[in-house]
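Engineer: Contents of data-v2.cif (mmCIF, C-alpha atoms; chains and numbers go by the auth columns):
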```
data_run
loop_
_atom_site.group_PDB
_atom_site.id
_atom_site.type_symbol
_atom_site.label_atom_id
_atom_site.label_comp_id
_atom_site.label_asym_id
_atom_site.label_seq_id
_atom_site.Cartn_x
_atom_site.Cartn_y
_atom_site.Cartn_z
_atom_site.B_iso_or_equiv
_atom_site.auth_seq_id
_atom_site.auth_asym_id
ATOM 1 C CA MET A 1 80.301 10.213 77.886 0.00 1 A
ATOM 2 C CA ALA A 2 83.908 9.027 78.182 0.00 2 A
ATOM 3 C CA GLU A 3 85.459 9.202 81.646 0.00 3 A
ATOM 4 C CA ARG A 4 88.281 11.619 82.347 0.00 4 A
ATOM 5 C CA LEU A 5 91.678 10.002 82.914 0.00 5 A
ATOM 6 C CA THR A 6 93.683 10.341 86.111 0.00 6 A
ATOM 7 C CA THR A 7 97.053 12.085 86.138 0.00 7 A
ATOM 8 C CA ALA A 8 98.811 8.712 86.383 0.00 8 A
ATOM 9 C CA GLU A 9 96.825 7.336 83.427 0.00 9 A
ATOM 10 C CA ILE A 10 97.654 10.450 81.380 0.00 10 A
ATOM 11 C CA GLU A 11 101.385 10.141 82.143 0.00 11 A
ATOM 12 C CA THR A 12 101.405 6.453 81.162 0.00 12 A
ATOM 13 C CA ALA A 13 99.469 7.076 77.936 0.00 13 A
ATOM 14 C CA LEU A 14 101.679 10.053 77.050 0.00 14 A
ATOM 15 C CA ALA A 15 104.868 8.025 77.497 0.00 15 A
ATOM 16 C CA ALA A 16 103.455 5.318 75.219 0.00 16 A
ATOM 17 C CA LEU A 17 102.540 7.904 72.559 0.00 17 A
ATOM 18 C CA ASN A 18 106.023 9.389 72.531 0.00 18 A
ATOM 19 C CA ALA A 19 107.949 6.105 72.583 0.00 19 A
ATOM 20 C CA GLY A 20 109.912 5.739 69.361 0.00 20 A
ATOM 21 C CA THR A 21 108.980 9.133 67.924 0.00 21 A
ATOM 22 C CA PRO A 22 111.753 10.240 65.516 0.00 22 A
ATOM 23 C CA ALA A 23 113.518 13.400 66.658 0.00 23 A
ATOM 24 C CA ASP A 24 113.000 15.149 63.311 0.00 24 A
ATOM 25 C CA SER A 25 109.238 14.526 63.131 0.00 25 A
ATOM 26 C CA GLY A 26 108.208 17.639 65.048 0.00 26 A
ATOM 27 C CA THR A 27 107.562 17.900 68.727 0.00 27 A
ATOM 28 C CA LEU A 28 106.563 15.138 71.100 0.00 28 A
ATOM 29 C CA TRP A 29 103.048 15.006 72.532 0.00 29 A
ATOM 30 C CA GLN A 30 102.883 17.278 75.579 0.00 30 A
ATOM 31 C CA HIS A 31 100.317 17.485 78.361 0.00 31 A
ATOM 32 C CA ARG A 32 99.117 21.047 78.909 0.00 32 A
ATOM 33 C CA GLY A 33 96.213 21.525 81.281 0.00 33 A
ATOM 34 C CA VAL A 34 93.197 19.659 79.908 0.00 34 A
ATOM 35 C CA ARG A 35 94.838 18.992 76.519 0.00 35 A
ATOM 36 C CA ILE A 36 97.597 17.099 74.794 0.00 36 A
ATOM 37 C CA GLU A 37 99.386 18.945 72.002 0.00 37 A
ATOM 38 C CA ARG A 38 101.844 18.189 69.256 0.00 38 A
ATOM 39 C CA ARG A 39 103.320 19.841 66.165 0.00 39 A
ATOM 40 C CA PHE A 40 103.935 17.581 63.174 0.00 40 A
ATOM 41 C CA ARG A 41 106.510 18.816 60.622 0.00 41 A
ATOM 42 C CA PHE A 42 106.060 17.517 57.091 0.00 42 A
ATOM 43 C CA PRO A 43 108.328 18.238 54.104 0.00 43 A
ATOM 44 C CA ASP A 44 105.620 20.164 52.248 0.00 44 A
ATOM 45 C CA PHE A 45 102.007 21.311 52.223 0.00 45 A
ATOM 46 C CA VAL A 46 100.743 18.334 50.208 0.00 46 A
ATOM 47 C CA SER A 47 102.117 15.855 52.769 0.00 47 A
ATOM 48 C CA ALA A 48 100.625 17.858 55.634 0.00 48 A
ATOM 49 C CA PHE A 49 97.243 18.061 53.931 0.00 49 A
ATOM 50 C CA ALA A 50 97.262 14.340 53.081 0.00 50 A
ATOM 51 C CA PHE A 51 97.902 13.628 56.776 0.00 51 A
ATOM 52 C CA MET A 52 95.020 15.896 57.782 0.00 52 A
ATOM 53 C CA THR A 53 92.693 14.229 55.273 0.00 53 A
ATOM 54 C CA GLU A 54 93.497 10.744 56.563 0.00 54 A
ATOM 55 C CA VAL A 55 93.073 11.835 60.184 0.00 55 A
ATOM 56 C CA ALA A 56 89.806 13.646 59.406 0.00 56 A
ATOM 57 C CA LEU A 57 88.255 10.368 58.264 0.00 57 A
ATOM 58 C CA VAL A 58 89.398 8.590 61.432 0.00 58 A
ATOM 59 C CA ALA A 59 88.159 11.444 63.627 0.00 59 A
ATOM 60 C CA GLU A 60 84.760 11.386 61.963 0.00 60 A
ATOM 61 C CA ARG A 61 84.419 7.621 62.502 0.00 61 A
ATOM 62 C CA MET A 62 85.328 8.158 66.168 0.00 62 A
ATOM 63 C CA ASN A 63 83.074 11.224 66.426 0.00 63 A
ATOM 64 C CA HIS A 64 86.026 12.870 68.159 0.00 64 A
ATOM 65 C CA HIS A 65 87.475 15.878 66.371 0.00 65 A
ATOM 66 C CA PRO A 66 90.825 17.621 66.841 0.00 66 A
ATOM 67 C CA GLU A 67 91.567 21.282 67.213 0.00 67 A
ATOM 68 C CA TRP A 68 94.277 21.861 64.626 0.00 68 A
ATOM 69 C CA SER A 69 95.871 24.325 62.286 0.00 69 A
ATOM 70 C CA ASN A 70 98.052 23.993 59.220 0.00 70 A
ATOM 71 C CA VAL A 71 100.693 26.330 57.831 0.00 71 A
ATOM 72 C CA TYR A 72 102.686 24.951 54.904 0.00 72 A
ATOM 73 C CA GLY A 73 104.235 21.705 56.218 0.00 73 A
ATOM 74 C CA ASN A 74 103.330 22.182 59.878 0.00 74 A
ATOM 75 C CA VAL A 75 100.220 20.808 61.539 0.00 75 A
ATOM 76 C CA GLU A 76 99.617 21.843 65.147 0.00 76 A
ATOM 77 C CA VAL A 77 97.177 19.642 67.048 0.00 77 A
ATOM 78 C CA ALA A 78 95.400 19.928 70.398 0.00 78 A
ATOM 79 C CA LEU A 79 93.204 17.147 71.728 0.00 79 A
ATOM 80 C CA THR A 80 90.755 17.210 74.621 0.00 80 A
ATOM 81 C CA THR A 81 87.300 15.826 75.343 0.00 81 A
ATOM 82 C CA HIS A 82 85.158 18.901 75.848 0.00 82 A
ATOM 83 C CA ASP A 83 82.138 17.194 77.419 0.00 83 A
ATOM 84 C CA ALA A 84 84.426 15.472 79.965 0.00 84 A
ATOM 85 C CA LYS A 85 86.302 18.745 80.577 0.00 85 A
ATOM 86 C CA GLY A 86 89.621 16.937 80.258 0.00 86 A
ATOM 87 C CA LEU A 87 91.483 14.051 78.677 0.00 87 A
ATOM 88 C CA THR A 88 89.885 10.685 77.981 0.00 88 A
ATOM 89 C CA ARG A 89 90.904 7.495 76.218 0.00 89 A
ATOM 90 C CA LEU A 90 89.435 8.995 73.009 0.00 90 A
ATOM 91 C CA ASP A 91 92.133 11.675 72.952 0.00 91 A
ATOM 92 C CA PHE A 92 94.895 9.094 73.174 0.00 92 A
ATOM 93 C CA GLU A 93 93.251 6.818 70.595 0.00 93 A
ATOM 94 C CA LEU A 94 93.081 9.709 68.131 0.00 94 A
ATOM 95 C CA ALA A 95 96.655 10.742 68.966 0.00 95 A
ATOM 96 C CA ARG A 96 97.846 7.179 68.227 0.00 96 A
ATOM 97 C CA ALA A 97 95.995 7.274 64.899 0.00 97 A
ATOM 98 C CA MET A 98 97.718 10.585 64.123 0.00 98 A
ATOM 99 C CA ASN A 99 101.129 9.116 64.907 0.00 99 A
ATOM 100 C CA GLU A 100 100.385 6.189 62.587 0.00 100 A
ATOM 101 C CA ALA A 101 99.092 8.471 59.812 0.00 101 A
ATOM 102 C CA ALA A 102 102.281 10.530 60.004 0.00 102 A
ATOM 103 C CA ILE A 103 104.568 7.537 59.431 0.00 103 A
ATOM 104 C CA GLY A 104 106.075 7.687 55.947 0.00 104 A
ATOM 105 C CA ARG A 105 105.061 11.315 55.453 0.00 105 A
ATOM 106 C CA LEU A 106 107.489 12.992 57.844 0.00 106 A
#
```
Kindly return the structure encoded in the file as structure tokens.

Structural biologist:
Amino acid sequence: MAERLTTAEIETALAALNAGTPADSGTLWQHRGVRIERRFRFPDFVSAFAFMTEVALVAERMNHHPEWSNVYGNVEVALTTHDAKGLTRLDFELARAMNEAAIGRL
């Protein structure tokens, strides 16, 4: 099982995730309790679904799956490591992969 991150580690990882995020790409990653959350805004449903498809393959390889929902061009994501009852490096690795998958689609 992955080890839960400290508050300081979470703050550092969160700042790195949000560095350079374009203002029109949706929200920034936010720390809320035992989760990090973000809304990605895509121009249309096809772009949003393509993003979700790419991320689904990464998540499956990692065996670490997001909680997410999709409405038209919006994808809302929440990440946490349930068996650790909090945030681990896996959450931030998947979040980074999501940021990368969103590039060029936003």

Engineer: For the structure provided, state which residues fall under the PyMOL selection byres ((chain A and resi 3) around 7), and present them as a PyMOL selection string.

Structural biologist: chain A and resi 1-2+4-5+84+88

Engineer: Please provide as an mmCIF file with C-alpha atoms, keeping the file's coordinate frame all residues within 12 Å of Ala101 (chain A), with the sequence filter that same-chain residues fewer than 5 positions apart are discarded (counting all atoms listed in the file).

Structural biologist:
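Once written, around23.cif looks like this:
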```cif
data_model
loop_
_atom_site.group_PDB
_atom_site.id
_atom_site.type_symbol
_atom_site.label_atom_id
_atom_site.label_comp_id
_atom_site.auth_asym_id
_atom_site.auth_seq_id
_atom_site.Cartn_x
_atom_site.Cartn_y
_atom_site.Cartn_z
ATOM 1 C CA PHE A 40 103.935 17.581 63.174
ATOM 2 C CA PHE A 42 106.060 17.517 57.091
ATOM 3 C CA SER A 47 102.117 15.855 52.769
ATOM 4 C CA ALA A 48 100.625 17.858 55.634
ATOM 5 C CA PHE A 49 97.243 18.061 53.931
ATOM 6 C CA ALA A 50 97.262 14.340 53.081
ATOM 7 C CA PHE A 51 97.902 13.628 56.776
ATOM 8 C CA MET A 52 95.020 15.896 57.782
ATOM 9 C CA THR A 53 92.693 14.229 55.273
ATOM 10 C CA GLU A 54 93.497 10.744 56.563
ATOM 11 C CA VAL A 55 93.073 11.835 60.184
ATOM 12 C CA ALA A 56 89.806 13.646 59.406
ATOM 13 C CA LEU A 57 88.255 10.368 58.264
ATOM 14 C CA VAL A 58 89.398 8.590 61.432
ATOM 15 C CA ALA A 59 88.159 11.444 63.627
ATOM 16 C CA LEU A 94 93.081 9.709 68.131
ATOM 17 C CA ALA A 95 96.655 10.742 68.966
ATOM 18 C CA ARG A 96 97.846 7.179 68.227
ATOM 19 C CA LEU A 106 107.489 12.992 57.844
#
```

Engineer: Applied to this file, what does the PyMOL selection byres ((chain A and resi 81) around 9) return in terms of residues, put as a list in words?

Structural biologist: Ala2, Arg4, Val34, Arg35, His64, His65, Leu79, Thr80, His82, Asp83, Ala84, Lys85, Gly86, Leu87, Thr88, Leu90 and Asp91 of chain A

Engineer: Let me know the centre plus edge lengths, in Å and rounded to one decimal, of a box with edges along x, y and z that contains all listed atoms of region 42-52 of chain A and is padded by 3 Å on every side, as AutoDock Vina command-line options.

Structural biologist:
```
--center_x 101.7 --center_y 17.5 --center_z 54.0 --size_x 19.3 --size_y 13.7 --size_z 13.6
```

Engineer: Between CA of Val75 (chain A) and CA of Arg38 (chain A), measure the distance and give it in Å to one decimal.

Structural biologist: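 Between these atoms lies a distance of 8.3 Å.
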
Engineer: Mind pulling up the distance from CA of Met98 (chain A) to CA of Thr27 (chain A)?

Structural biologist: 13.1 Å

Engineer: What separation in Å, quoted to one decimal, exists between CA of Gly104 (chain A) and CA of Glu9 (chain A)?

Structural biologist: 29.0 Å

Engineer: Select, from A:Phe92, A:Val46, A:Pro66, A:Glu76, the residue with the minimum atom-to-atom distance to Ala13 (chain A), counting all atoms listed in the file.

Structural biologist: A:Phe92

Engineer: Between A:Glu93, A:Gly26, A:Thr21, A:Phe45, which one has atoms that come closest to Asn63 (chain A), using all atoms listed in the file?

Structural biologist: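 Result for the nearest residue to Asn63 (chain A): A:Glu93.
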
Engineer: Could you add N, CA, C and O atoms to region 44-67 of chain A and give me the result as a tab-separated table (two decimals), keeping the file's coordinate frame?

Structural biologist:
```
chain	number	residue	atom	x	y	z
A	44	ASP	N	106.32	19.21	53.10
A	44	ASP	CA	105.62	20.16	52.25
A	44	ASP	C	104.13	20.20	52.59
A	44	ASP	O	103.64	19.40	53.39
A	45	PHE	N	103.43	21.13	51.98
A	45	PHE	CA	102.01	21.31	52.22
A	45	PHE	C	101.19	20.09	51.82
A	45	PHE	O	100.26	19.69	52.52
A	46	VAL	N	101.51	19.48	50.69
A	46	VAL	CA	100.74	18.33	50.21
A	46	VAL	C	100.81	17.18	51.21
A	46	VAL	O	99.79	16.54	51.50
A	47	SER	N	101.98	16.92	51.76
A	47	SER	CA	102.12	15.86	52.77
A	47	SER	C	101.32	16.18	54.03
A	47	SER	O	100.66	15.31	54.61
A	48	ALA	N	101.37	17.44	54.44
A	48	ALA	CA	100.62	17.86	55.63
A	48	ALA	C	99.12	17.72	55.40
A	48	ALA	O	98.38	17.22	56.25
A	49	PHE	N	98.67	18.13	54.22
A	49	PHE	CA	97.24	18.06	53.93
A	49	PHE	C	96.77	16.62	53.78
A	49	PHE	O	95.66	16.26	54.19
A	50	ALA	N	97.60	15.76	53.20
A	50	ALA	CA	97.26	14.34	53.08
A	50	ALA	C	97.10	13.72	54.47
A	50	ALA	O	96.17	12.94	54.72
A	51	PHE	N	98.00	14.07	55.38
A	51	PHE	CA	97.90	13.63	56.78
A	51	PHE	C	96.58	14.08	57.38
A	51	PHE	O	95.85	13.30	57.99
A	52	MET	N	96.25	15.36	57.20
A	52	MET	CA	95.02	15.90	57.78
A	52	MET	C	93.78	15.20	57.19
A	52	MET	O	92.82	14.92	57.91
A	53	THR	N	93.82	14.91	55.92
A	53	THR	CA	92.69	14.23	55.27
A	53	THR	C	92.50	12.83	55.85
A	53	THR	O	91.38	12.43	56.18
A	54	GLU	N	93.59	12.09	55.99
A	54	GLU	CA	93.50	10.74	56.56
A	54	GLU	C	92.97	10.80	57.99
A	54	GLU	O	92.08	10.03	58.38
A	55	VAL	N	93.50	11.72	58.78
A	55	VAL	CA	93.07	11.84	60.18
A	55	VAL	C	91.62	12.30	60.28
A	55	VAL	O	90.87	11.85	61.16
A	56	ALA	N	91.19	13.17	59.38
A	56	ALA	CA	89.81	13.65	59.41
A	56	ALA	C	88.82	12.49	59.27
A	56	ALA	O	87.79	12.46	59.95
A	57	LEU	N	89.14	11.52	58.44
A	57	LEU	CA	88.26	10.37	58.26
A	57	LEU	C	88.21	9.52	59.53
A	57	LEU	O	87.14	9.03	59.93
A	58	VAL	N	89.34	9.34	60.17
A	58	VAL	CA	89.40	8.59	61.43
A	58	VAL	C	88.61	9.33	62.51
A	58	VAL	O	87.81	8.74	63.24
A	59	ALA	N	88.84	10.63	62.62
A	59	ALA	CA	88.16	11.44	63.63
A	59	ALA	C	86.65	11.40	63.45
A	59	ALA	O	85.90	11.31	64.43
A	60	GLU	N	86.20	11.44	62.23
A	60	GLU	CA	84.76	11.39	61.96
A	60	GLU	C	84.18	10.04	62.38
A	60	GLU	O	83.10	9.99	62.98
A	61	ARG	N	84.89	8.95	62.07
A	61	ARG	CA	84.42	7.62	62.50
A	61	ARG	C	84.34	7.53	64.03
A	61	ARG	O	83.45	6.90	64.57
A	62	MET	N	85.30	8.17	64.70
A	62	MET	CA	85.33	8.16	66.17
A	62	MET	C	84.35	9.16	66.77
A	62	MET	O	84.07	9.10	67.96
A	63	ASN	N	83.87	10.09	65.95
A	63	ASN	CA	83.07	11.22	66.43
A	63	ASN	C	83.85	11.98	67.51
A	63	ASN	O	83.32	12.34	68.56
A	64	HIS	N	85.13	12.17	67.23
A	64	HIS	CA	86.03	12.87	68.16
A	64	HIS	C	86.98	13.70	67.31
A	64	HIS	O	87.83	13.16	66.62
A	65	HIS	N	86.83	15.01	67.34
A	65	HIS	CA	87.48	15.88	66.37
A	65	HIS	C	88.57	16.72	67.00
A	65	HIS	O	88.39	17.26	68.10
A	66	PRO	N	89.70	16.85	66.31
A	66	PRO	CA	90.82	17.62	66.84
A	66	PRO	C	90.63	19.13	66.66
A	66	PRO	O	89.87	19.58	65.81
A	67	GLU	N	91.35	19.86	67.47
A	67	GLU	CA	91.57	21.28	67.21
A	67	GLU	C	92.93	21.32	66.53
A	67	GLU	O	93.91	20.82	67.09
```
